[in-house]
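Chemist: Got a structure for you, final_23.cif, holding mmCIF, C-alpha atoms and all ligand atoms.
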data_model
#
loop_
_atom_site.label_atom_id
_atom_site.label_comp_id
_atom_site.auth_asym_id
_atom_site.auth_seq_id
_atom_site.Cartn_x
_atom_site.Cartn_y
_atom_site.Cartn_z
CA MET O 9 -96.85 1.03 -4.00
CA ASN O 10 -93.63 -0.68 -5.05
CA THR O 11 -94.34 0.40 -8.59
CA LEU O 12 -93.19 3.90 -7.69
CA ILE O 13 -89.50 4.20 -8.47
CA THR O 14 -88.71 7.91 -8.25
CA ILE O 15 -89.38 10.73 -5.79
CA ARG O 16 -91.23 12.56 -8.55
CA GLU O 17 -93.65 9.64 -8.86
CA TYR O 18 -94.34 9.89 -5.14
CA GLU O 19 -95.23 13.54 -5.64
CA THR O 20 -97.69 12.56 -8.37
CA ALA O 21 -99.15 9.80 -6.20
CA ALA O 22 -99.54 12.22 -3.28
CA ARG O 23 -101.33 14.70 -5.51
CA ALA O 24 -103.77 11.98 -6.54
CA VAL O 25 -104.77 11.00 -3.00
CA LEU O 26 -104.52 14.16 -0.90
CA ASP O 27 -107.11 16.84 -0.37
CA PRO O 28 -105.86 19.50 -2.85
CA VAL O 29 -105.68 22.04 -0.01
CA HIS O 30 -103.25 19.81 1.89
CA PHE O 31 -101.28 18.91 -1.23
CA ASP O 32 -100.82 22.64 -1.92
CA TYR O 33 -99.79 23.25 1.71
CA VAL O 34 -97.06 20.63 1.46
CA SER O 35 -95.83 21.15 -2.07
CA GLY O 36 -96.17 24.90 -2.34
CA GLY O 37 -93.77 27.68 -1.43
CA ALA O 38 -93.85 31.38 -0.66
CA ARG O 39 -95.27 34.01 -3.04
CA ASP O 40 -94.17 33.40 -6.67
CA GLU O 41 -92.33 30.20 -5.65
CA VAL O 42 -89.13 31.42 -7.32
CA THR O 43 -86.98 29.96 -4.54
CA LEU O 44 -89.00 26.75 -4.47
CA ARG O 45 -88.17 26.18 -8.15
CA GLU O 46 -84.59 27.46 -7.78
CA ASN O 47 -83.79 24.89 -5.08
CA GLU O 48 -84.27 22.13 -7.66
CA ALA O 49 -83.08 24.07 -10.72
CA ALA O 50 -79.73 24.86 -9.09
CA TYR O 51 -78.96 21.14 -8.75
CA ALA O 52 -79.68 20.71 -12.47
CA ARG O 53 -77.15 23.46 -13.25
CA LEU O 54 -74.39 21.54 -11.50
CA ALA O 55 -72.72 18.60 -13.20
CA LEU O 56 -70.77 15.72 -11.69
CA LEU O 57 -67.26 14.84 -12.88
CA PRO O 58 -66.48 11.16 -12.28
CA ARG O 59 -63.10 9.49 -11.92
CA VAL O 60 -62.48 6.07 -13.44
CA LEU O 61 -60.54 2.84 -12.76
CA ARG O 62 -60.12 3.56 -9.07
CA GLY O 63 -60.46 0.01 -7.79
CA ASN O 64 -63.23 0.70 -5.27
CA PRO O 65 -65.34 -2.44 -5.05
CA LYS O 66 -67.06 -1.61 -1.76
CA ARG O 67 -68.97 1.43 -0.66
CA THR O 68 -70.25 2.73 2.66
CA LEU O 69 -72.72 5.51 3.31
CA GLU O 70 -72.34 5.36 7.11
CA THR O 71 -72.41 8.86 8.60
CA ARG O 72 -71.58 10.33 12.00
CA LEU O 73 -73.17 13.63 12.95
CA LEU O 74 -72.68 15.28 16.35
CA ASN O 75 -73.45 12.54 18.90
CA SER O 76 -75.56 10.59 16.44
CA ARG O 77 -74.95 8.10 13.68
CA ALA O 78 -76.95 7.30 10.59
CA SER O 79 -76.67 4.59 7.96
CA MET O 80 -76.52 7.28 5.28
CA PRO O 81 -76.02 11.04 4.92
CA ILE O 82 -79.73 11.48 4.16
CA ILE O 83 -81.87 12.56 7.11
CA LEU O 84 -85.43 13.78 7.61
CA SER O 85 -85.85 17.55 7.79
CA PRO O 86 -88.53 18.72 10.19
CA THR O 87 -91.97 19.16 8.65
CA ALA O 88 -95.22 20.04 10.39
CA PHE O 89 -98.50 18.12 10.62
CA HIS O 90 -97.78 14.58 9.41
CA LYS O 91 -101.31 13.52 10.37
CA LEU O 92 -102.51 15.54 7.39
CA MET O 93 -100.65 12.95 5.27
CA THR O 94 -101.43 9.67 7.03
CA GLY O 95 -103.42 8.54 10.07
CA ASP O 96 -100.46 7.62 12.27
CA GLY O 97 -98.71 10.86 11.44
CA GLU O 98 -95.21 11.21 12.88
CA LEU O 99 -95.40 7.68 14.35
CA ALA O 100 -95.31 6.33 10.79
CA THR O 101 -92.43 8.66 9.95
CA ALA O 102 -90.47 7.59 13.03
CA ARG O 103 -90.86 3.91 12.10
CA ALA O 104 -89.77 4.61 8.54
CA ALA O 105 -86.70 6.55 9.69
CA ALA O 106 -85.82 3.80 12.16
CA ALA O 107 -86.19 1.13 9.45
CA ALA O 108 -83.79 3.13 7.27
CA ASP O 109 -81.54 3.63 10.30
CA THR O 110 -81.35 7.35 9.85
CA ILE O 111 -82.09 10.50 11.82
CA MET O 112 -85.58 11.98 11.99
CA ILE O 113 -85.88 15.62 13.01
CA THR O 114 -89.31 15.81 14.55
CA GLY O 115 -90.95 19.22 14.45
CA MET O 116 -92.23 21.42 17.23
CA ALA O 117 -95.36 21.57 15.02
CA ALA O 118 -95.72 17.78 15.01
CA THR O 119 -99.17 16.24 15.44
CA VAL O 120 -97.63 13.55 17.70
CA ALA O 121 -95.75 14.50 20.89
CA VAL O 122 -91.98 14.10 20.83
CA ALA O 123 -92.01 11.42 23.55
CA ASP O 124 -94.28 9.22 21.40
CA VAL O 125 -92.15 9.85 18.31
CA VAL O 126 -88.96 8.76 20.10
CA ALA O 127 -90.74 5.73 21.56
CA ALA O 128 -91.95 4.69 18.10
CA ALA O 129 -88.44 5.01 16.65
CA ARG O 130 -87.00 2.93 19.50
CA ALA O 131 -89.69 0.27 19.23
CA ALA O 132 -88.84 0.01 15.54
CA GLY O 133 -85.22 -0.70 16.36
CA GLY O 134 -83.43 2.59 16.52
CA GLY O 135 -82.63 5.69 14.59
CA ASP O 136 -81.84 8.87 16.50
CA VAL O 137 -84.50 11.56 16.79
CA TRP O 138 -83.61 15.24 16.87
CA PHE O 139 -86.07 17.94 17.96
CA GLN O 140 -86.79 21.07 15.93
CA LEU O 141 -87.53 24.16 18.01
CA TYR O 142 -88.91 27.59 17.29
CA LEU O 143 -87.39 29.76 20.03
CA GLN O 144 -90.17 31.36 22.05
CA THR O 145 -89.79 34.88 23.43
CA ARG O 146 -90.71 33.51 26.88
CA ASN O 147 -87.69 31.55 28.05
CA ASP O 148 -89.75 29.46 30.50
CA ILE O 149 -91.86 28.16 27.62
CA THR O 150 -88.78 27.36 25.51
CA ALA O 151 -87.26 25.65 28.56
CA GLU O 152 -90.35 23.49 29.14
CA ILE O 153 -90.50 22.39 25.50
CA VAL O 154 -86.79 21.57 25.42
CA SER O 155 -87.08 19.72 28.71
CA ARG O 156 -89.87 17.53 27.29
CA ALA O 157 -87.74 16.76 24.24
CA THR O 158 -84.70 16.02 26.39
CA ASP O 159 -86.66 13.71 28.69
CA ALA O 160 -88.04 11.97 25.61
CA GLY O 161 -84.46 11.14 24.59
CA VAL O 162 -83.74 13.29 21.55
CA THR O 163 -80.04 13.66 20.77
CA ALA O 164 -79.94 17.20 19.33
CA VAL O 165 -82.00 20.39 19.16
CA VAL O 166 -82.46 22.00 15.76
CA VAL O 167 -83.29 25.68 16.10
CA THR O 168 -85.09 27.18 13.12
CA VAL O 169 -84.10 30.82 12.68
CA ASP O 170 -85.58 31.70 9.30
CA SER O 171 -89.09 32.39 10.58
CA PRO O 172 -89.43 35.77 12.35
CA VAL O 173 -92.89 35.70 10.75
CA LEU O 174 -94.71 32.94 8.90
CA GLY O 175 -93.98 32.72 5.19
CA ALA O 176 -96.78 33.70 2.85
CA GLY O 177 -97.95 30.85 0.68
CA ASP O 178 -100.32 32.27 -1.92
CA ARG O 179 -101.76 28.79 -2.43
CA ASN O 180 -102.70 28.59 1.27
CA ILE O 181 -104.22 32.07 1.21
CA ARG O 182 -106.25 31.22 -1.89
CA ASN O 183 -107.33 27.90 -0.38
CA GLY O 184 -108.18 29.47 2.97
CA PHE O 185 -105.88 26.99 4.73
CA THR O 186 -105.23 28.60 8.09
CA ASP O 187 -105.95 25.94 10.69
CA LEU O 188 -105.56 22.26 11.36
CA PRO O 189 -108.76 20.22 10.98
CA PRO O 190 -110.60 19.38 14.22
CA GLY O 191 -108.86 16.68 16.24
CA LEU O 192 -105.33 17.55 15.12
CA ALA O 193 -103.04 19.76 17.19
CA CYS O 194 -99.40 20.64 17.81
CA GLU O 195 -98.98 18.04 20.55
CA ASN O 196 -95.66 19.41 21.79
CA LEU O 197 -97.48 22.47 23.09
CA ARG O 198 -100.26 20.66 24.89
CA GLY O 199 -100.82 21.90 28.41
CA LEU O 200 -98.66 24.97 27.97
CA GLY O 201 -101.41 27.48 28.49
CA GLY O 202 -103.07 29.80 26.06
CA ASP O 203 -106.82 29.86 25.73
CA PRO O 204 -108.40 27.94 28.64
CA THR O 205 -110.79 26.12 26.28
CA ASP O 206 -107.86 24.96 24.18
CA ARG O 207 -104.91 24.02 26.32
CA VAL O 208 -102.65 23.55 23.33
CA ARG O 209 -100.54 26.67 23.17
CA SER O 210 -99.98 28.25 19.75
CA ILE O 211 -96.48 28.33 18.34
CA GLU O 212 -95.21 31.87 18.52
CA LEU O 213 -93.05 33.15 15.69
CA SER O 214 -91.45 36.47 16.60
CA ALA O 215 -89.30 39.11 14.97
CA GLU O 216 -88.21 40.09 18.48
CA LEU O 217 -85.85 37.10 18.66
CA SER O 218 -82.13 37.87 18.75
CA TRP O 219 -78.83 36.07 19.33
CA GLU O 220 -79.50 36.53 23.05
CA HIS O 221 -82.35 34.03 22.81
CA LEU O 222 -79.93 31.53 21.32
CA ASP O 223 -77.53 32.24 24.21
CA ARG O 224 -80.36 31.47 26.65
CA LEU O 225 -81.04 28.19 24.89
CA ARG O 226 -77.31 27.38 24.96
CA ALA O 227 -77.39 27.96 28.74
CA LEU O 228 -80.31 25.63 29.32
CA THR O 229 -79.33 22.55 27.32
CA GLU O 230 -76.28 20.37 26.94
CA LEU O 231 -77.64 18.79 23.79
CA PRO O 232 -75.90 19.73 20.55
CA ILE O 233 -77.60 22.67 18.84
CA VAL O 234 -78.07 22.76 15.07
CA LEU O 235 -78.84 26.19 13.64
CA LYS O 236 -81.31 25.75 10.77
CA GLY O 237 -82.07 28.40 8.22
CA THR O 238 -78.89 30.42 7.93
CA ALA O 239 -78.12 31.78 4.46
CA HIS O 240 -75.44 34.45 5.03
CA PRO O 241 -71.92 33.21 5.83
CA ASP O 242 -71.67 35.81 8.62
CA ASP O 243 -74.75 34.33 10.30
CA ALA O 244 -73.10 30.91 10.21
CA ARG O 245 -70.03 32.44 11.91
CA LEU O 246 -72.21 34.22 14.47
CA GLY O 247 -74.10 31.01 15.10
CA ILE O 248 -70.90 29.19 15.98
CA GLU O 249 -69.83 32.06 18.26
CA HIS O 250 -73.18 31.72 20.03
CA GLY O 251 -72.70 28.03 20.62
CA ALA O 252 -74.15 26.22 17.61
CA ASP O 253 -72.65 22.77 17.07
CA ALA O 254 -73.78 22.50 13.45
CA ILE O 255 -75.13 24.74 10.72
CA MET O 256 -78.01 23.69 8.48
CA VAL O 257 -78.17 25.77 5.32
CA SER O 258 -81.87 25.99 4.55
CA ASN O 259 -84.38 28.37 3.01
CA HIS O 260 -87.25 26.38 4.54
CA GLY O 261 -87.90 24.72 1.19
CA GLY O 262 -88.67 28.10 -0.40
CA ARG O 263 -91.51 28.68 2.08
CA GLN O 264 -90.22 31.74 3.90
CA LEU O 265 -88.44 34.53 1.96
CA ASP O 266 -89.16 34.12 -1.74
CA GLY O 267 -86.19 35.24 -3.83
CA ILE O 268 -83.51 33.90 -1.48
CA PRO O 269 -80.98 31.84 -3.51
CA ALA O 270 -81.10 28.09 -3.87
CA THR O 271 -79.52 26.41 -0.88
CA VAL O 272 -76.93 24.53 -2.94
CA ASP O 273 -75.76 27.89 -4.31
CA LEU O 274 -75.45 29.28 -0.76
CA LEU O 275 -73.61 26.22 0.52
CA PRO O 276 -70.00 26.84 -0.68
CA ASP O 277 -69.69 30.27 0.99
CA VAL O 278 -71.14 28.95 4.24
CA VAL O 279 -68.79 25.96 4.15
CA ALA O 280 -65.87 28.36 3.65
CA ALA O 281 -67.00 30.58 6.55
CA VAL O 282 -67.46 27.61 8.87
CA ASP O 283 -64.01 26.39 7.88
CA GLY O 284 -64.36 22.89 9.28
CA ARG O 285 -65.21 24.01 12.83
CA VAL O 286 -68.63 22.33 12.83
CA PRO O 287 -70.54 20.12 10.37
CA VAL O 288 -72.66 21.82 7.74
CA LEU O 289 -75.96 20.31 6.61
CA VAL O 290 -78.20 21.45 3.79
CA ASP O 291 -81.79 20.89 2.67
CA GLY O 292 -84.07 22.05 -0.11
CA GLY O 293 -84.86 20.62 -3.54
CA ILE O 294 -83.08 17.29 -3.18
CA ARG O 295 -84.98 14.75 -5.29
CA ARG O 296 -82.25 12.40 -6.61
CA GLY O 297 -79.16 10.62 -5.36
CA THR O 298 -77.13 12.77 -7.75
CA ASP O 299 -78.42 15.88 -5.93
CA VAL O 300 -77.22 14.37 -2.65
CA ALA O 301 -73.78 13.70 -4.15
CA LYS O 302 -73.52 17.30 -5.39
CA ALA O 303 -74.34 18.69 -1.94
CA LEU O 304 -71.83 16.35 -0.28
CA ALA O 305 -69.16 17.31 -2.83
CA LEU O 306 -69.74 20.98 -2.01
CA GLY O 307 -69.05 20.34 1.66
CA ALA O 308 -72.26 19.17 3.30
CA SER O 309 -71.85 16.41 5.91
CA ALA O 310 -75.44 15.32 5.35
CA ILE O 311 -78.60 16.50 3.63
CA GLY O 312 -82.22 16.74 4.70
CA ILE O 313 -85.39 15.97 2.78
CA GLY O 314 -88.73 17.57 3.57
CA ARG O 315 -91.45 17.15 0.95
CA PRO O 316 -90.31 13.73 -0.36
CA ILE O 317 -91.13 12.16 3.02
CA MET O 318 -94.51 13.91 3.11
CA TRP O 319 -95.32 12.63 -0.38
CA GLY O 320 -94.26 9.13 0.66
CA LEU O 321 -96.49 9.29 3.75
CA ALA O 322 -99.43 10.52 1.71
CA ALA O 323 -99.02 7.90 -1.01
CA ALA O 324 -98.45 4.85 1.19
CA GLY O 325 -98.01 5.75 4.87
CA GLU O 326 -94.97 4.31 6.66
CA GLN O 327 -94.13 2.09 3.69
CA GLY O 328 -94.18 5.08 1.36
CA ALA O 329 -91.76 7.03 3.55
CA ARG O 330 -89.53 3.94 3.76
CA ASN O 331 -89.50 3.58 -0.01
CA VAL O 332 -88.62 7.24 -0.45
CA LEU O 333 -85.62 6.77 1.83
CA GLU O 334 -84.56 3.54 0.09
CA ILE O 335 -84.89 5.11 -3.37
CA LEU O 336 -82.55 7.94 -2.36
CA ARG O 337 -80.15 5.55 -0.59
CA SER O 338 -79.90 3.32 -3.61
CA GLU O 339 -79.53 6.24 -6.02
CA LEU O 340 -76.77 7.75 -3.88
CA ASP O 341 -74.92 4.43 -3.64
CA HIS O 342 -75.20 3.97 -7.40
CA THR O 343 -73.98 7.54 -7.98
CA LEU O 344 -70.93 7.01 -5.74
CA ALA O 345 -70.07 3.89 -7.75
CA LEU O 346 -70.31 5.81 -11.01
CA LEU O 347 -68.19 8.61 -9.55
CA GLY O 348 -65.51 6.12 -8.54
CA VAL O 349 -65.59 6.77 -4.79
CA GLU O 350 -66.20 4.48 -1.85
CA SER O 351 -67.61 6.95 0.64
CA PRO O 352 -69.15 10.42 0.83
CA ALA O 353 -66.03 11.69 2.61
CA GLU O 354 -63.99 11.21 -0.56
CA LEU O 355 -66.07 13.74 -2.48
CA GLY O 356 -64.83 17.32 -2.82
CA SER O 357 -65.55 20.37 -4.91
CA ASP O 358 -63.49 19.08 -7.85
CA TRP O 359 -66.20 16.46 -8.41
CA VAL O 360 -68.67 19.18 -9.36
CA VAL O 361 -68.62 21.54 -12.32
CA THR O 362 -70.99 24.40 -13.06
CA LYS O 363 -72.49 24.01 -16.50
CA PRO O 364 -72.06 27.02 -18.80
C1 LIG Z 1 -95.09 20.89 4.75
C2 LIG Z 1 -93.81 21.43 5.31
C3 LIG Z 1 -93.76 21.80 6.64
C4 LIG Z 1 -92.57 22.29 7.18
N1 LIG Z 1 -92.54 22.58 8.51
C5 LIG Z 1 -91.37 22.98 9.06
C6 LIG Z 1 -91.29 23.22 10.45
O1 LIG Z 1 -92.27 23.09 11.19
N2 LIG Z 1 -90.09 23.63 10.95
C7 LIG Z 1 -88.99 23.80 10.15
O2 LIG Z 1 -87.93 24.16 10.64
N3 LIG Z 1 -89.04 23.57 8.83
C8 LIG Z 1 -90.21 23.17 8.27
N4 LIG Z 1 -90.25 22.93 6.94
C9 LIG Z 1 -89.03 23.08 6.12
C10 LIG Z 1 -88.24 21.77 6.05
O3 LIG Z 1 -87.61 21.49 7.27
C11 LIG Z 1 -87.13 21.81 4.99
O4 LIG Z 1 -86.31 22.92 5.22
C12 LIG Z 1 -87.64 21.85 3.56
O5 LIG Z 1 -88.82 21.11 3.40
C13 LIG Z 1 -86.57 21.29 2.64
O6 LIG Z 1 -86.94 21.38 1.33
P1 LIG Z 1 -87.59 20.16 0.48
O7 LIG Z 1 -89.00 20.05 0.93
O8 LIG Z 1 -87.46 20.66 -0.92
O9 LIG Z 1 -86.79 18.90 0.75
C14 LIG Z 1 -91.43 22.46 6.36
C15 LIG Z 1 -91.50 22.09 5.02
C16 LIG Z 1 -92.66 21.59 4.49
C17 LIG Z 1 -92.69 21.19 3.04
C1 LIG Z 2 -95.74 27.05 12.97
C2 LIG Z 2 -95.97 26.10 11.84
C3 LIG Z 2 -94.81 26.05 10.91
C4 LIG Z 2 -95.07 25.25 9.67
C5 LIG Z 2 -93.97 25.46 8.69
O1 LIG Z 2 -92.86 25.74 9.06
C6 LIG Z 2 -94.20 25.35 7.25
O2 LIG Z 2 -95.32 25.01 6.85
O3 LIG Z 2 -93.27 25.61 6.49
#
As structure tokens, how would this structure be written, given the file I've shared?
Modeler:
Amino acid sequence: MNTLITIREYETAARAVLDPVHFDYVSGGARDEVTLRENEAAYARLALLPRVLRGNPKRTLETRLLNSRASMPIILSPTAFHKLMTGDGELATARAAAAADTIMITGMAATVAVADVVAAARAAGGGDVWFQLYLQTRNDITAEIVSRATDAGVTAVVVTVDSPVLGAGDRNIRNGFTDLPPGLACENLRGLGGDPTDRVRSIELSAELSWEHLDRLRALTELPIVLKGTAHPDDARLGIEHGADAIMVSNHGGRQLDGIPATVDLLPDVVAAVDGRVPVLVDGGIRRGTDVAKALALGASAIGIGRPIMWGLAAAGEQGARNVLEILRSELDHTLALLGVESPAELGSDWVVTKP
């Protein structure tokens, strides 16, 4: 699959091989998909302003985030059900992330248990794994899930707070996609009760959750906590007050509230509110190295990709996910060269202009 040279081509390749129901699940968004389209369109509305003759022959993309390091500021956002894309599921993803020497955020809704994901990353030579959590209303259940992730060796917990209820994907409703096919399950919830014939507990999404639940999580783990899915600057501030060590600006790839702004448009106000106290990450709609550079210039310490990895997995398994990461790495490096900078840290808001 080395003939594929852009993320967009991976999307096309994924469409060609996947069951259309699964392609729609991955690629679709909520309702009219306004936010899904906006996430990408907003990057196209921003332009980059390069500087010239700056004598920067060498570049580095090396990134430090919380207690982790990555070879580049491009990490893997958490996505559910990788076994729908490729037989090895999250094991393939973990190997690809390790090969790229970057951070994989494995999901609570993964089809491979977190311990096996971390083991696969280690066996492939490294790459930190973070664990994405949906807070459960029962603190003992949250505690057990976090304890499994901690024992597995993850180096941060990413708490997703944009899902008091599941987003409504019209494509999924039309396709009748409600359940995983037989044989696949959310392995991180195995043995946690529920129906006695099916010992894999269901993930509970609840509108009952409040900042108190985050306080309880803060009390039960020493791992850094990343708050994922904040849009309002005040929620970023509140998150820090309640112990978050990083803020991830995300609208869940346009899969939760349709009509919420593009994440890159939300980013500057959140960065201002956070005021350098903790790192800010962003995901949603990033398909090119130039998009990464724009997000970094607007204050992100790193960015996450969701669908591009899924498309890579679908098109060519581990190798596809690796290629996706290498395409974005090489595009970002090339972009930095054209901008006249030697590292992401040099970028600031004066490198970006909004087109009229
Ligand atoms: C198929 C799919 C499944 C996802 N599952 C989760 C999940 O379980 N937990 C979560 O926090 N975010 C989930 N997300 C959202 C991603 O973490 C991320 O915010 C989003 O995909 C970024 O946008 P992008 O796909 O345009 O890169 C999912 C996204 C997709 C596409
Ligand atoms: C509880 C499953 C969550 C999946 C998800 O977050 C998504 O498809 O966007």
Chemist: Chain O near ligand LIG 1 (chain Z) within 7 Å: what's each residue's closest atom pair and its distance in Å to one decimal, counting all atoms listed in the file, ordered by chain then ascending residue number, as a Markdown table?
Modeler:
| residue | atom | partner | partner_atom | distance |
| --- | --- | --- | --- | --- |
| O:Tyr33 | CA | Z:LIG1 | C1 | 6.1 |
| O:Val34 | CA | Z:LIG1 | C1 | 3.8 |
| O:Ser35 | CA | Z:LIG1 | C17 | 6.0 |
| O:Asn47 | CA | Z:LIG1 | O8 | 7.0 |
| O:Ser85 | CA | Z:LIG1 | O3 | 4.3 |
| O:Pro86 | CA | Z:LIG1 | O3 | 4.1 |
| O:Thr87 | CA | Z:LIG1 | N1 | 3.5 |
| O:Ala88 | CA | Z:LIG1 | N1 | 4.1 |
| O:Gly115 | CA | Z:LIG1 | O1 | 5.2 |
| O:Met116 | CA | Z:LIG1 | O1 | 6.3 |
| O:Ala117 | CA | Z:LIG1 | O1 | 5.2 |
| O:Gln140 | CA | Z:LIG1 | O2 | 6.2 |
| O:Thr168 | CA | Z:LIG1 | O2 | 4.8 |
| O:Lys236 | CA | Z:LIG1 | O2 | 6.8 |
| O:Ser258 | CA | Z:LIG1 | O4 | 5.4 |
| O:Asn259 | CA | Z:LIG1 | O4 | 6.2 |
| O:His260 | CA | Z:LIG1 | O4 | 3.6 |
| O:Gly261 | CA | Z:LIG1 | O6 | 3.5 |
| O:Asp291 | CA | Z:LIG1 | C13 | 4.8 |
| O:Gly292 | CA | Z:LIG1 | O6 | 3.3 |
| O:Gly293 | CA | Z:LIG1 | O8 | 3.7 |
| O:Ile294 | CA | Z:LIG1 | O9 | 5.6 |
| O:Gly312 | CA | Z:LIG1 | O9 | 6.4 |
| O:Ile313 | CA | Z:LIG1 | O9 | 3.8 |
| O:Gly314 | CA | Z:LIG1 | O5 | 3.5 |
| O:Arg315 | CA | Z:LIG1 | O7 | 3.8 |
| O:Pro316 | CA | Z:LIG1 | O9 | 6.4 |
Chemist: Do you have the atom CA of Arg23 of chain O-atom CA of Gly320 of chain O distance handy?
Modeler: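 Interatomic distance, atom CA of Arg23 of chain O to atom CA of Gly320 of chain O: 10.9 Å.
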Chemist: Interatomic distance between atom CA of Val125 of chain O and atom CA of Gly247 of chain O?
Modeler: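 These two atoms are separated by 28.0 Å.
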Chemist: Find the residue from O:Arg207, O:Lys363, O:Arg156, O:Arg16 that sits nearest to Ala123 of chain O; use only C-alpha atoms when measuring.
Modeler: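 The shortest atom-to-atom distance to Ala123 of chain O comes from O:Arg156.
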Chemist: Using all atoms listed in the file, which protein or nucleic acid residues come within 8 Å of Ile82 of chain O? Drop anything in the same chain fewer than 4 positions from it, and give the result as a count of residues only.
Modeler: 9
Chemist: So that I can see what lies close to segment 183-194 of chain O, please list as a PDB file with C-alpha atoms, in the frame of the given file the residues with an atom at most 7 Å from it, counting all atoms listed in the file and leaving out residues fewer than 6 positions away in the same chain.
Modeler:
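part-v8.pdb, written as the output of this step:
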ATOM      1  CA  VAL O  29    -105.680  22.040  -0.010  1.00  0.00           C
ATOM      2  CA  ALA O 117     -95.360  21.570  15.020  1.00  0.00           C
ATOM      3  CA  ALA O 118     -95.720  17.780  15.010  1.00  0.00           C
ATOM      4  CA  THR O 119     -99.170  16.240  15.440  1.00  0.00           C
TER       5      THR O 119
END
Chemist: Name the residues in contact with Val137 of chain O at a cut-off of 7 Å, using only C-alpha atoms, excluding same-chain residues fewer than 3 positions from it; report them as an mmCIF file with C-alpha atoms, in the frame of the given file.
Modeler:
data_model
loop_
_atom_site.group_PDB
_atom_site.id
_atom_site.type_symbol
_atom_site.label_atom_id
_atom_site.label_comp_id
_atom_site.auth_asym_id
_atom_site.auth_seq_id
_atom_site.Cartn_x
_atom_site.Cartn_y
_atom_site.Cartn_z
ATOM 1 C CA ILE O 111 -82.090 10.500 11.820
ATOM 2 C CA MET O 112 -85.580 11.980 11.990
ATOM 3 C CA ILE O 113 -85.880 15.620 13.010
ATOM 4 C CA THR O 114 -89.310 15.810 14.550
ATOM 5 C CA VAL O 126 -88.960 8.760 20.100
ATOM 6 C CA VAL O 162 -83.740 13.290 21.550
ATOM 7 C CA THR O 163 -80.040 13.660 20.770
#
Chemist: Identify, on the basis of all atoms listed in the file, every residue whose closest approach to segment 67-71 of chain O does not exceed 8 Å; exclude the query and any residue fewer than 4 positions from it along the same chain; express the result as a ChimeraX atom specification.
Modeler: /O:77-81,310,341,344-345,349-352
Chemist: May I have the residues within 8 Å of Val361 of chain O as a list in words, using all atoms listed in the file and disregarding those fewer than 3 positions away in the same chain?
Modeler: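 Non-adjacent residues within range: Leu54, Ala55, Leu56, Leu57 and Asp358 of chain O.
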Chemist: Edge lengths and centre, in Å to one decimal, as lines of an AutoDock Vina configuration file: that's what I need for the box along x, y and z that holds all listed atoms of segment 19-29 of chain O plus 4 Å on each side.
Modeler:
center_x = -101.2
center_y = 15.9
center_z = -4.2
size_x = 19.9
size_y = 20.2
size_z = 16.4
Chemist: In Å, how far is it from atom CA of Arg182 of chain O to atom CA of Glu46 of chain O?
Modeler: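 About the pair atom CA of Arg182 of chain O and atom CA of Glu46 of chain O: they are 22.8 Å apart.
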